[in-house]
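Visitor: Dropping a structure here in structure tokens format, bear with me for questions.
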Amino acid sequence: MRPERRRVVLSLGSNLGDRFDTLQGAVDALFDAPGLDFVAVSPIYETDPVGGPEQGPYLNVVVVAETAFGPRTLLERAQGVEAAFQRVRRERWGPRTLDVDIVTVGDERSDDPELTLPHPRAHERAFVLRPWLDVDPDAELPGRGRVADLLPGLEDQGVRRTDRVLQTPE
């Protein structure tokens, strides 16, 4: 029996080095190996950092894909891509070359401290919800509701759409 395919939402951000090239490389790397099928990538947003120390602005995108991978396998793929871009975890919410967060894996819910699903702070972050809404106007965050209904309270978070776009993976 074939495993069920589910839609997954990933949030990618970078605020060190060549942020655009890092995001493009990360999207390419996520889809280089089989098992994750590309659906959409959002426009790029430049965003003010949320929490943590003084640091420069981020570039953020949301990627939507389909997969039969379980959450743990998806986490391993995401962390492998972060490592390929020299992600270093020195301080919580500190600057980084690349951050790949798993926002949702279908409707799955989990309180596992290594991978809480849906992402425990996604509903509070315009840099996740705004680009997600761009690629899926009917998006819902499990347990929280429609993304379109969550976003209005977050408009003051310094999220600015850029005119740059990433190439979609082949």
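We name chains A, B, ... following the order of the structure tokens; residues begin at 1 in each chain, and ligands are numbered from 1 as shown.
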Counting only C-alpha atoms, what are the residues of segment 17-85 of chain A within 10 Å of segment 103-111 of chain A, and for each of them which pair of atoms is the nearest and at what distance in Å, to one decimal? Sort the table by chain and rising number, as a tab-separated table.
Guide:
residue	atom	partner	partner_atom	distance
A:Val62	CA	A:Val103	CA	9.3
A:Val63	CA	A:Val103	CA	9.9
A:Val64	CA	A:Thr104	CA	9.6
A:Ala65	CA	A:Val105	CA	9.6
A:Glu66	CA	A:Gly106	CA	9.1
A:Thr67	CA	A:Val105	CA	9.0
A:Ala68	CA	A:Val105	CA	9.9
A:Phe69	CA	A:Val105	CA	9.2
A:Gly70	CA	A:Val105	CA	8.1
A:Pro71	CA	A:Val105	CA	6.7
A:Leu74	CA	A:Val105	CA	8.9
Visitor: Quick one, how far is atom CA of Val147 of chain A from atom CA of Phe127 of chain A?
Guide: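 Rounded to one decimal, the two atoms are 12.0 Å apart.
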Visitor: Determine which residues of segment 80-126 of chain A DSSP labels as strand (DSSP E or B) from the backbone of this structure, then write them out as a list in words.
Guide: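 These are the residues in question: Asp99, Val100, Asp101, Ile102, Val103, Thr104, Val105, Ser110 and Leu117 of chain A.
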Visitor: Kindly export the residues of the current selection with N, CA and C atoms, as a compact mmCIF listing (two decimals), in the first residue's frame.
Guide:
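Everything below was put into again23.txt:
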# COMPACT_ATOMS: atom_id res chain seq x y z
N ASP A 99 17.00 29.45 7.40
CA ASP A 99 16.08 28.81 8.35
C ASP A 99 14.98 28.16 7.51
N VAL A 100 14.77 26.87 7.72
CA VAL A 100 13.68 26.16 7.04
C VAL A 100 12.76 25.62 8.13
N ASP A 101 11.58 26.20 8.21
CA ASP A 101 10.60 25.76 9.20
C ASP A 101 9.49 24.98 8.52
N ILE A 102 9.10 23.89 9.15
CA ILE A 102 7.94 23.12 8.69
C ILE A 102 6.73 23.73 9.36
N VAL A 103 5.85 24.31 8.56
CA VAL A 103 4.66 24.98 9.10
C VAL A 103 3.54 23.97 9.28
N THR A 104 3.26 23.19 8.23
CA THR A 104 2.22 22.16 8.32
C THR A 104 2.64 20.94 7.53
N VAL A 105 2.14 19.79 7.95
CA VAL A 105 2.22 18.54 7.21
C VAL A 105 0.79 18.02 7.19
N SER A 110 1.03 17.61 16.34
CA SER A 110 2.00 16.92 17.17
C SER A 110 2.56 17.91 18.19
N LEU A 117 3.66 20.37 15.38
CA LEU A 117 2.85 20.64 14.19
C LEU A 117 1.43 20.97 14.59
Visitor: Set out as JSON lines a contact list for segment 118-169 of chain A and segment 13-26 of chain A with a cut-off of 10 Å, giving each residue of segment 118-169 of chain A that qualifies its closest atom pair and distance in Å to one decimal, counting only C-alpha atoms, ordered by chain and rising residue number.
Guide:
{"residue": "A:Phe127", "atom": "CA", "partner": "A:Gly13", "partner_atom": "CA", "distance": 9.0}
{"residue": "A:Val128", "atom": "CA", "partner": "A:Gly13", "partner_atom": "CA", "distance": 9.6}
{"residue": "A:Arg164", "atom": "CA", "partner": "A:Phe20", "partner_atom": "CA", "distance": 8.5}
{"residue": "A:Val165", "atom": "CA", "partner": "A:Phe20", "partner_atom": "CA", "distance": 9.0}
{"residue": "A:Leu166", "atom": "CA", "partner": "A:Gln24", "partner_atom": "CA", "distance": 5.9}
{"residue": "A:Gln167", "atom": "CA", "partner": "A:Gln24", "partner_atom": "CA", "distance": 7.1}
{"residue": "A:Thr168", "atom": "CA", "partner": "A:Gln24", "partner_atom": "CA", "distance": 8.7}
{"residue": "A:Pro169", "atom": "CA", "partner": "A:Gln24", "partner_atom": "CA", "distance": 9.1}
Visitor: Put those residues in a file: all heavy atoms, as a CSV table (one decimal), in the first residue's frame.
Guide:
chain,number,residue,atom,x,y,z
A,127,PHE,N,5.3,37.1,8.4
A,127,PHE,CA,6.3,36.7,7.4
A,127,PHE,C,6.0,35.2,6.9
A,127,PHE,O,6.6,34.8,5.9
A,127,PHE,CB,7.7,36.9,7.8
A,127,PHE,CG,8.2,36.0,9.0
A,127,PHE,CD1,8.6,34.7,8.8
A,127,PHE,CD2,8.2,36.5,10.3
A,127,PHE,CE1,9.1,33.9,9.8
A,127,PHE,CE2,8.6,35.7,11.3
A,127,PHE,CZ,9.1,34.4,11.1
A,128,VAL,N,5.2,34.5,7.7
A,128,VAL,CA,4.7,33.2,7.2
A,128,VAL,C,3.4,33.3,6.5
A,128,VAL,O,3.2,32.8,5.4
A,128,VAL,CB,4.6,32.2,8.4
A,128,VAL,CG1,4.0,30.9,8.0
A,128,VAL,CG2,6.0,31.9,9.0
A,164,ARG,N,11.4,40.7,-6.5
A,164,ARG,CA,12.2,39.5,-6.9
A,164,ARG,C,11.4,38.2,-6.7
A,164,ARG,O,10.6,38.1,-5.8
A,164,ARG,CB,13.5,39.5,-6.1
A,164,ARG,CG,14.3,40.7,-6.3
A,164,ARG,CD,15.7,40.6,-5.7
A,164,ARG,NE,16.5,39.8,-6.6
A,164,ARG,CZ,17.8,39.5,-6.3
A,164,ARG,NH1,18.3,39.9,-5.2
A,164,ARG,NH2,18.5,38.7,-7.1
A,165,VAL,N,11.7,37.3,-7.6
A,165,VAL,CA,11.0,36.0,-7.6
A,165,VAL,C,12.1,34.9,-7.7
A,165,VAL,O,13.1,35.1,-8.4
A,165,VAL,CB,9.9,35.8,-8.6
A,165,VAL,CG1,8.8,36.8,-8.4
A,165,VAL,CG2,10.5,36.0,-10.0
A,166,LEU,N,11.8,33.8,-7.1
A,166,LEU,CA,12.7,32.6,-7.2
A,166,LEU,C,12.3,31.8,-8.5
A,166,LEU,O,11.1,31.8,-8.8
A,166,LEU,CB,12.6,31.7,-6.0
A,166,LEU,CG,13.1,32.4,-4.7
A,166,LEU,CD1,12.8,31.4,-3.5
A,166,LEU,CD2,14.5,32.8,-4.8
A,167,GLN,N,13.2,31.1,-9.1
A,167,GLN,CA,12.9,30.2,-10.1
A,167,GLN,C,12.4,29.0,-9.5
A,167,GLN,O,12.8,28.5,-8.5
A,167,GLN,CB,14.2,29.8,-10.9
A,167,GLN,CG,14.9,31.0,-11.6
A,167,GLN,CD,14.0,31.6,-12.7
A,167,GLN,OE1,13.5,30.9,-13.5
A,167,GLN,NE2,13.8,32.9,-12.6
A,168,THR,N,11.4,28.4,-10.2
A,168,THR,CA,10.8,27.1,-9.7
A,168,THR,C,11.7,26.0,-10.0
A,168,THR,O,12.4,26.0,-11.0
A,168,THR,CB,9.4,26.9,-10.2
A,168,THR,OG1,9.5,26.8,-11.6
A,168,THR,CG2,8.5,28.0,-9.8
A,169,PRO,N,11.8,25.0,-9.1
A,169,PRO,CA,12.6,23.8,-9.4
A,169,PRO,C,12.1,23.0,-10.6
A,169,PRO,O,10.9,23.0,-10.8
A,169,PRO,CB,12.6,23.0,-8.1
A,169,PRO,CG,11.4,23.5,-7.3
A,169,PRO,CD,11.1,24.9,-7.9
Visitor: Work out how far atom CA of Glu54 of chain A is from atom CA of Glu76 of chain A, in Å to one decimal.
Guide: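 Pair atom CA of Glu76 of chain A / atom CA of Glu54 of chain A returns 29.2 Å.
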Visitor: Find, counting only C-alpha atoms, the residue in A:Arg72, A:Pro57, A:Thr47, A:Pro137 that gets nearest to Glu155 of chain A.
Guide: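 Ranked by minimum distance to Glu155 of chain A, first place goes to A:Thr47.
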Visitor: Output as a PyMOL selection string all residues of chain A that backbone DSSP marks as helix (DSSP H, G or I).
Guide: chain A and resi 19-30+71-84+122-124+126-135+147-154
Visitor: What's the separation between atom CA of Leu150 of chain A and atom CA of Leu115 of chain A, in Å to one decimal place?
Guide: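 Result for atom CA of Leu150 of chain A versus atom CA of Leu115 of chain A: 22.1 Å, one decimal.
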Visitor: Considering only C-alpha atoms, return as a ChimeraX atom specification whatever protein or nucleic-acid residues lie within 9 Å of Arg125 of chain A, sequence-local ones (same chain, fewer than 6 positions apart) excluded.
Guide: /A:50,151,154,157
